[in-house]
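Enquirer: Sharing protein.txt below, compact mmCIF, C-alpha atoms and all ligand atoms:
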```txt
# COMPACT_ATOMS: atom_id res chain seq x y z
CA MET A 23 215.10 64.26 34.88
CA ALA A 24 214.71 67.60 33.14
CA ARG A 25 213.22 70.27 35.33
CA ARG A 26 209.84 71.33 34.04
CA LYS A 27 209.21 74.91 33.10
CA LYS A 28 207.29 77.14 35.47
CA ILE A 29 204.82 79.29 33.52
CA TYR A 30 203.26 81.35 36.31
CA GLU A 31 203.24 81.58 40.06
CA GLY A 32 199.99 82.94 41.44
CA LYS A 33 198.76 83.39 44.99
CA ALA A 34 197.14 79.96 45.32
CA LYS A 35 198.56 77.92 42.45
CA THR A 36 201.66 77.48 40.33
CA LEU A 37 201.37 76.59 36.65
CA TYR A 38 203.92 74.37 34.88
CA GLU A 39 204.20 73.41 31.24
CA GLY A 40 202.31 70.14 30.74
CA PRO A 41 203.60 66.96 29.10
CA GLU A 42 201.83 67.65 25.78
CA PRO A 43 201.49 70.91 23.88
CA GLY A 44 198.33 72.71 24.94
CA THR A 45 198.38 71.27 28.46
CA ILE A 46 199.32 72.78 31.80
CA VAL A 47 199.99 71.27 35.22
CA GLN A 48 198.27 73.19 38.02
CA TYR A 49 199.98 72.80 41.40
CA PHE A 50 197.75 73.74 44.37
CA LYS A 51 199.71 75.54 47.10
CA ASP A 52 198.83 75.81 50.79
CA ASP A 53 199.05 79.62 50.65
CA ALA A 54 195.91 81.52 51.60
CA THR A 55 195.43 85.20 50.82
CA ALA A 56 192.51 87.58 51.29
CA PHE A 57 191.68 91.25 50.80
CA ASN A 58 193.87 91.44 47.69
CA ALA A 59 196.76 89.67 49.48
CA GLU A 60 196.85 92.06 52.48
CA LYS A 61 196.13 89.04 54.72
CA LYS A 62 198.33 85.99 54.13
CA ASP A 63 199.00 82.63 55.74
CA VAL A 64 200.00 79.07 54.96
CA ILE A 65 197.24 76.59 55.78
CA GLU A 66 198.60 73.06 55.82
CA GLY A 67 196.52 70.75 53.66
CA LYS A 68 194.51 73.43 51.83
CA GLY A 69 196.17 72.71 48.46
CA VAL A 70 195.41 69.00 48.71
CA LEU A 71 191.76 69.65 49.54
CA ASN A 72 191.27 72.24 46.78
CA ASN A 73 192.93 69.96 44.22
CA ILE A 74 190.55 67.11 45.09
CA LEU A 75 187.46 69.32 45.35
CA SER A 76 188.17 71.14 42.08
CA GLU A 77 188.63 67.75 40.40
CA TYR A 78 185.26 66.65 41.80
CA PHE A 79 183.33 69.71 40.57
CA MET A 80 185.06 69.97 37.18
CA THR A 81 184.55 66.23 36.51
CA GLY A 82 180.87 66.57 37.33
CA LEU A 83 180.56 69.56 35.00
CA ASN A 84 182.36 67.72 32.17
CA ASN A 85 180.00 64.78 32.69
CA ILE A 86 176.86 66.88 32.36
CA GLY A 87 178.17 68.62 29.26
CA VAL A 88 179.52 71.87 30.72
CA PRO A 89 183.01 72.10 29.20
CA THR A 90 185.93 72.69 31.58
CA HIS A 91 189.72 72.73 31.32
CA PHE A 92 190.07 69.70 33.62
CA ILE A 93 191.77 66.62 32.10
CA LYS A 94 192.90 64.53 35.09
CA ARG A 95 194.33 64.70 38.57
CA LEU A 96 198.01 63.71 38.63
CA ASN A 97 198.68 63.46 42.36
CA MET A 98 197.61 64.97 45.68
CA ARG A 99 198.56 68.51 44.69
CA GLU A 100 198.56 68.58 40.89
CA GLN A 101 196.11 68.29 38.06
CA LEU A 102 196.53 68.30 34.30
CA VAL A 103 194.38 70.89 32.52
CA ARG A 104 193.90 72.20 29.04
CA ALA A 105 195.85 75.41 28.49
CA CYS A 106 193.62 78.32 27.59
CA GLU A 107 193.64 82.05 27.11
CA ILE A 108 191.98 83.39 30.24
CA VAL A 109 189.23 85.99 29.65
CA PRO A 110 190.36 88.84 31.96
CA LEU A 111 187.14 88.73 34.01
CA GLU A 112 186.10 87.16 37.28
CA VAL A 113 182.59 85.87 36.77
CA ILE A 114 180.63 85.91 40.03
CA VAL A 115 177.24 84.26 40.52
CA ARG A 116 175.26 85.16 43.63
CA ASN A 117 172.20 83.38 45.07
CA TYR A 118 172.21 85.12 48.46
CA ALA A 119 173.65 88.53 49.38
CA ALA A 120 177.12 88.35 50.96
CA GLY A 121 180.57 89.89 50.85
CA THR A 122 181.10 92.97 48.71
CA MET A 123 177.59 92.95 47.26
CA ALA A 124 175.94 92.94 50.68
CA LYS A 125 178.24 95.79 51.70
CA ARG A 126 177.78 97.84 48.52
CA LEU A 127 173.98 97.59 48.58
CA GLY A 128 173.54 97.67 52.36
CA MET A 129 171.94 94.22 52.50
CA ASP A 130 172.06 91.69 55.32
CA GLU A 131 174.35 88.78 54.52
CA GLY A 132 172.29 85.70 53.74
CA THR A 133 169.30 87.52 52.21
CA GLN A 134 167.99 85.37 49.36
CA LEU A 135 168.13 87.16 46.00
CA PRO A 136 165.03 87.18 43.75
CA ARG A 137 167.09 85.35 41.12
CA PRO A 138 170.76 84.50 40.58
CA ILE A 139 172.72 87.68 39.91
CA VAL A 140 175.82 87.52 37.70
CA GLU A 141 178.55 90.13 38.17
CA TYR A 142 181.81 90.73 36.33
CA CYS A 143 185.05 92.05 37.81
CA LEU A 144 188.13 92.94 35.83
CA LYS A 145 191.00 90.61 36.74
CA ASP A 146 193.54 93.21 37.84
CA ASP A 147 195.13 92.83 41.27
CA LYS A 148 196.65 96.32 41.16
CA LEU A 149 193.17 97.81 40.83
CA GLY A 150 191.66 95.36 43.33
CA ASP A 151 189.57 93.51 40.67
CA PRO A 152 187.00 96.30 40.15
CA LEU A 153 183.37 95.58 39.26
CA VAL A 154 182.70 96.33 35.57
CA THR A 155 179.58 96.37 33.42
CA GLU A 156 178.95 94.71 30.06
CA GLU A 157 179.36 98.19 28.55
CA HIS A 158 182.98 98.33 29.76
CA ILE A 159 183.59 94.77 28.62
CA ALA A 160 182.27 95.50 25.10
CA ALA A 161 183.86 98.94 24.78
CA PHE A 162 187.31 97.78 25.86
CA GLY A 163 187.06 94.51 23.91
CA TRP A 164 187.66 92.17 26.85
CA ALA A 165 184.97 89.88 25.41
CA SER A 166 182.53 90.05 22.49
CA GLN A 167 178.74 90.07 22.81
CA GLN A 168 178.67 86.44 21.64
CA ASP A 169 181.28 85.57 24.30
CA MET A 170 179.19 87.32 26.96
CA ASP A 171 176.10 85.30 25.98
CA ASP A 172 178.13 82.09 26.25
CA ILE A 173 179.76 83.18 29.54
CA LEU A 174 176.36 83.96 31.09
CA SER A 175 174.99 80.60 30.04
CA LEU A 176 178.08 78.74 31.36
CA ALA A 177 177.90 80.66 34.65
CA LEU A 178 174.22 79.81 35.19
CA ARG A 179 174.74 76.14 34.30
CA VAL A 180 177.64 75.93 36.77
CA ASN A 181 175.39 77.60 39.36
CA ASP A 182 172.57 75.08 38.89
CA PHE A 183 174.98 72.17 39.07
CA LEU A 184 176.93 73.41 42.10
CA ALA A 185 173.85 74.56 44.00
CA GLY A 186 172.24 71.14 43.45
CA VAL A 187 175.33 69.17 44.47
CA MET A 188 175.72 71.30 47.59
CA TYR A 189 172.04 71.11 48.51
CA GLY A 190 172.34 67.31 48.39
CA VAL A 191 174.91 67.43 51.22
CA GLY A 192 173.17 70.04 53.34
CA ILE A 193 175.12 73.07 52.12
CA LYS A 194 173.73 76.34 50.76
CA LEU A 195 175.62 77.82 47.79
CA ILE A 196 175.69 81.52 48.64
CA ASP A 197 177.90 82.63 45.73
CA PHE A 198 180.97 81.62 43.72
CA LYS A 199 183.50 82.93 41.24
CA ILE A 200 184.75 81.25 38.08
CA GLU A 201 187.21 82.12 35.36
CA ILE A 202 186.58 81.38 31.72
CA GLY A 203 189.17 80.42 29.11
CA ARG A 204 189.27 80.37 25.33
CA VAL A 205 190.44 77.24 23.51
CA TYR A 206 190.86 76.82 19.79
CA ASP A 207 189.77 73.69 17.92
CA GLY A 208 190.96 74.32 14.38
CA ASP A 209 189.29 77.52 13.24
CA PHE A 210 186.75 77.48 16.06
CA MET A 211 187.06 79.21 19.41
CA ARG A 212 185.18 77.82 22.40
CA LEU A 213 184.79 79.07 25.94
CA ILE A 214 185.35 76.66 28.81
CA VAL A 215 185.37 76.85 32.61
CA ALA A 216 188.99 77.21 33.79
CA ASP A 217 191.01 77.95 36.94
CA GLU A 218 189.45 76.19 39.97
CA ILE A 219 186.18 75.57 41.77
CA SER A 220 186.82 75.10 45.47
CA PRO A 221 185.84 76.53 48.87
CA ASP A 222 188.45 79.24 48.10
CA SER A 223 186.19 80.53 45.33
CA CYS A 224 182.70 79.77 46.74
CA ARG A 225 180.69 80.80 49.79
CA LEU A 226 179.21 77.69 51.40
CA TRP A 227 176.98 77.74 54.48
CA ASP A 228 175.63 74.75 56.35
CA ILE A 229 171.86 74.68 55.68
CA GLU A 230 170.94 73.84 59.29
CA THR A 231 173.37 75.93 61.32
CA GLY A 232 174.57 78.61 58.88
CA GLN A 233 178.16 77.63 59.72
CA LYS A 234 180.62 78.93 57.12
CA LEU A 235 182.58 76.24 55.27
CA ASP A 236 184.59 78.43 52.88
CA LYS A 237 187.39 80.99 52.71
CA ASP A 238 185.45 83.44 54.91
CA VAL A 239 186.65 81.23 57.82
CA PHE A 240 190.14 82.55 56.99
CA ARG A 241 189.10 86.10 55.99
CA ARG A 242 187.18 86.58 59.24
CA ASP A 243 189.25 84.39 61.60
CA LEU A 244 186.38 82.00 62.34
CA GLY A 245 188.43 78.89 63.15
CA SER A 246 190.25 76.18 61.22
CA LEU A 247 190.07 76.52 57.45
CA THR A 248 191.31 72.95 56.94
CA ASP A 249 188.54 71.63 59.18
CA ALA A 250 185.93 73.56 57.14
CA TYR A 251 187.24 72.34 53.76
CA THR A 252 187.64 68.79 55.12
CA GLU A 253 183.96 68.87 56.18
CA VAL A 254 182.92 69.83 52.63
CA ALA A 255 185.11 67.08 51.14
CA LYS A 256 183.79 64.46 53.58
CA ARG A 257 180.15 65.34 52.92
CA LEU A 258 180.76 65.02 49.17
CA GLY A 259 182.41 61.65 49.77
CA VAL A 260 185.74 62.63 48.22
CA LEU A 261 187.64 61.87 51.43
CA PRO A 262 187.16 58.59 53.23
CA LYS A 263 185.24 59.12 56.48
CA GLY A 264 187.63 59.73 59.35
CA ALA A 265 190.58 60.50 57.05
CA THR A 266 192.54 63.70 57.40
CA PRO A 267 193.91 65.29 54.27
CA MET A 268 197.41 65.21 55.70
CA ALA A 269 197.40 61.62 56.94
CA LYS A 270 201.01 60.64 57.49
CA PRO A 271 202.34 57.24 56.40
CA THR A 272 202.22 54.78 59.31
CA LEU A 273 205.01 52.34 60.05
CA ILE A 274 203.72 48.81 60.19
CA ASN A 275 206.63 47.34 62.17
N1 LIG B 301 193.52 76.35 31.94
C1 LIG B 301 194.25 77.44 32.17
N2 LIG B 301 195.08 77.94 31.22
C2 LIG B 301 195.82 79.04 31.47
N3 LIG B 301 195.80 79.76 32.62
C3 LIG B 301 194.98 79.30 33.59
C4 LIG B 301 194.17 78.15 33.43
N4 LIG B 301 193.45 77.96 34.56
C5 LIG B 301 193.79 78.97 35.39
N5 LIG B 301 194.70 79.79 34.83
C6 LIG B 301 195.36 80.97 35.45
O1 LIG B 301 196.33 80.45 36.34
C7 LIG B 301 196.50 81.28 37.46
C8 LIG B 301 196.23 80.47 38.70
O2 LIG B 301 196.95 80.90 39.76
P1 LIG B 301 196.30 81.60 41.04
O3 LIG B 301 194.87 81.24 41.20
O4 LIG B 301 197.23 81.34 42.14
O5 LIG B 301 196.38 83.11 40.54
P2 LIG B 301 196.03 84.40 41.38
O6 LIG B 301 197.09 84.71 42.35
O7 LIG B 301 194.63 84.25 41.84
O8 LIG B 301 196.20 85.52 40.31
P3 LIG B 301 195.41 85.97 39.06
O9 LIG B 301 194.21 85.09 38.96
O10 LIG B 301 195.07 87.38 39.37
O11 LIG B 301 196.38 85.80 37.93
C9 LIG B 301 195.49 82.42 37.30
O12 LIG B 301 196.12 83.53 36.73
C10 LIG B 301 194.46 81.82 36.32
O13 LIG B 301 193.82 82.82 35.57
MG MG B 302 193.27 82.71 41.55
```
Can you turn what I pasted into structure tokens?
Ligand SMILES: Nc1ncnc2c1ncn2[C@@H]1O[C@H](COP(=O)(O)OP(=O)(O)OP(=O)(O)O)[C@@H](O)[C@H]1O
Ligand SMILES: [Mg+2]
Expert:
Amino acid sequence: MARRKKIYEGKAKTLYEGPEPGTIVQYFKDDATAFNAEKKDVIEGKGVLNNILSEYFMTGLNNIGVPTHFIKRLNMREQLVRACEIVPLEVIVRNYAAGTMAKRLGMDEGTQLPRPIVEYCLKDDKLGDPLVTEEHIAAFGWASQQDMDDILSLALRVNDFLAGVMYGVGIKLIDFKIEIGRVYDGDFMRLIVADEISPDSCRLWDIETGQKLDKDVFRRDLGSLTDAYTEVAKRLGVLPKGATPMAKPTLIN
């Protein structure tokens, strides 16, 4: 069998050329990184969980009419997605203060914000993904004003959907990050949700206990990351109750 072509190897995923033009296979790795890759580890089972969880959220978004790159899951670690031109911004939506925003503004983590706040960071690892304003985005041509209107509306629709889904399983959506891609249908360009939506890119707190069920468990050494992600997956019903993501085949005889 011909070896498929690797397009890109990132920190959490590897991209391969897909079977049809305009498609990409996203392979979810077990690698975890934080603080711009200063902290690194391999967390067994993380890739499997993120693949399944991203499928779950992207499918839900597609079904309610929020366009995403997701086409179908291929196996435990891979999904087929529509290839797009990534807008070089990380789009962050915050419902409660946490992380860098809490630090920057001297707020207590967990303080509810008066309304969702959308922030943009330039996707540039060398610069540590710096916060930018719409002025920078317009002046440097990273996205047009029309794009920014569409990106804001996509971000807020994703927020309403995700916050609602999480609330239904007793989880508070503190914040999340998405990436947006451009796709071309004939002469028309459209913006769609790309990359991944998973506990790697969200902050999720248990409503009752405040327990963290996201990548902060790894960033702050708060216990087992796989256990936290498995809990999210179980509550959403994407893992059978009692199953572990790494269940080994059992010999019958
Ligand atoms: N549908 C898509 N088409 C093209 N590129 C995509 C698509 N979805 C995600 N990507 C890109 O694929 C890469 C995914 O790999 P990963 O998340 O591991 O990257 P990363 O290490 O976070 O690095 P960076 O996001 O800074 O490139 C990202 O660069 C992301 O922007
Ligand atoms: Mg990434």
Enquirer: Within 8 Å of ligand LIG 301 (chain B), which residues show up when you count all atoms listed in the file? List them as a ChimeraX atom specification, please.
Expert: /A:30-37,45-46,48,50,91-92,103-108,110,145-147,201,203,216-218
Enquirer: Which residues of range 214-260 of chain A have any atom within 12 Å of an atom in range 60-63 of chain A when counting all atoms listed in the file, and what is the closest pair of atoms for each, with the distance in Å to one decimal? Order the rows by chain and rising number and write it as a tab-separated table.
Expert:
```
residue	atom	partner	partner_atom	distance
A:Phe240	CA	A:Asp63	CA	8.9
A:Arg241	CA	A:Lys61	CA	7.7
A:Arg242	CA	A:Lys61	CA	10.3
A:Asp243	CA	A:Lys61	CA	10.8
A:Leu247	CA	A:Asp63	CA	11.0
```
Enquirer: Produce a file of the selected residues containing C-alpha atoms, as a compact mmCIF listing (two decimals), in the coordinates of the input.
Expert:
```txt
# COMPACT_ATOMS: atom_id res chain seq x y z
CA PHE A 240 190.14 82.55 56.99
CA ARG A 241 189.10 86.10 55.99
CA ARG A 242 187.18 86.58 59.24
CA ASP A 243 189.25 84.39 61.60
CA LEU A 247 190.07 76.52 57.45
```
Enquirer: Range 98-114 of chain A, all listed atoms, 6 Å padding on each side: what axis-aligned box centre and edge lengths in Å to one decimal come out, as AutoDock Vina command-line options?
Expert:
```
--center_x 189.6 --center_y 76.9 --center_z 36.4 --size_x 29.9 --size_y 35.9 --size_z 30.6
```
Enquirer: What separation in Å, quoted to one decimal, exists between CA of Asp236 in chain A and CA of Leu174 in chain A?
Expert: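 Result for CA of Asp236 in chain A versus CA of Leu174 in chain A: 23.9 Å, one decimal.
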Enquirer: Pick out the closest residue to ligand MG 302 (chain B) from this set: A:Thr248, A:Gln233, A:Gln101, A:Ser223. Count all atoms listed in the file.
Expert: A:Ser223
Enquirer: Hey, can you check how far CA of Lys237 in chain A sits from CA of Tyr49 in chain A?
Expert: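 So the two atoms, CA of Lys237 in chain A and CA of Tyr49 in chain A, lie 18.8 Å apart.
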Enquirer: Rounded to one decimal in Å, what is the spacing between CA of Val47 in chain A and CA of Asn84 in chain A?
Expert: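 So the answer is 18.2 Å.
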Enquirer: Excluding Tyr142 in chain A and its own-chain neighbours fewer than 4 positions away, which residues fall within 6 Å of it when counting only C-alpha atoms? Please give them as a count of residues only.
Expert: 4
Enquirer: For each of A:Asn117, A:Asn85, A:Thr122, A:Thr252, take the minimum atom-to-atom distance to Asp182 in chain A, counting only C-alpha atoms, then give the residue where this is smallest.
Expert: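 That would be A:Asn117, the residue with the smallest distance to Asp182 in chain A.
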Enquirer: Which of these, A:Gly208, A:Gly190, A:Gly44, A:Gly128, has the shortest distance to Val254 in chain A once you count all atoms listed in the file?
Expert: A:Gly190
Enquirer: Between A:Glu77, A:Glu131, A:Asp238, A:Asp197, which has the minimum distance to Phe57 in chain A (counting only C-alpha atoms)?
Expert: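 Result for the nearest residue to Phe57 in chain A: A:Asp238.
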Enquirer: Which residues, written as a list in words, have at least one atom at most 9 Å from Ala160 in chain A, with all atoms listed in the file counted and residues fewer than 6 positions away on the same chain left out?
Expert: Ser166, Gln167 and Met170 of chain A
Enquirer: Name all residues at most 9 Å from Leu258 in chain A (count all atoms listed in the file; drop same-chain ones fewer than 6 positions away) and give them as a PyMOL selection string.
Expert: chain A and resi 75+78+187-188+190-191
Enquirer: Measuring between all atoms listed in the file, which one of A:Phe183, A:Tyr251, A:Lys28, A:Lys51 shows the shortest distance to ligand MG 302 (chain B)?
Expert: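 Looking only at the distances to ligand MG 302 (chain B), the closest residue turns out to be A:Lys51.
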Enquirer: List the spatial neighbours of Leu235 in chain A as a PyMOL selection string - criterion: any atom at most 8 Å away, all atoms listed in the file, same-chain residues fewer than 5 positions off excluded.
Expert: chain A and resi 221+225-228+247+250-251+253-254
Enquirer: Using only C-alpha atoms and all ligand atoms, can you tell me which of A:Glu156, A:Ala59, A:Val70, A:Leu135 comes closest to ligand MG 302 (chain B)?
Expert: A:Ala59
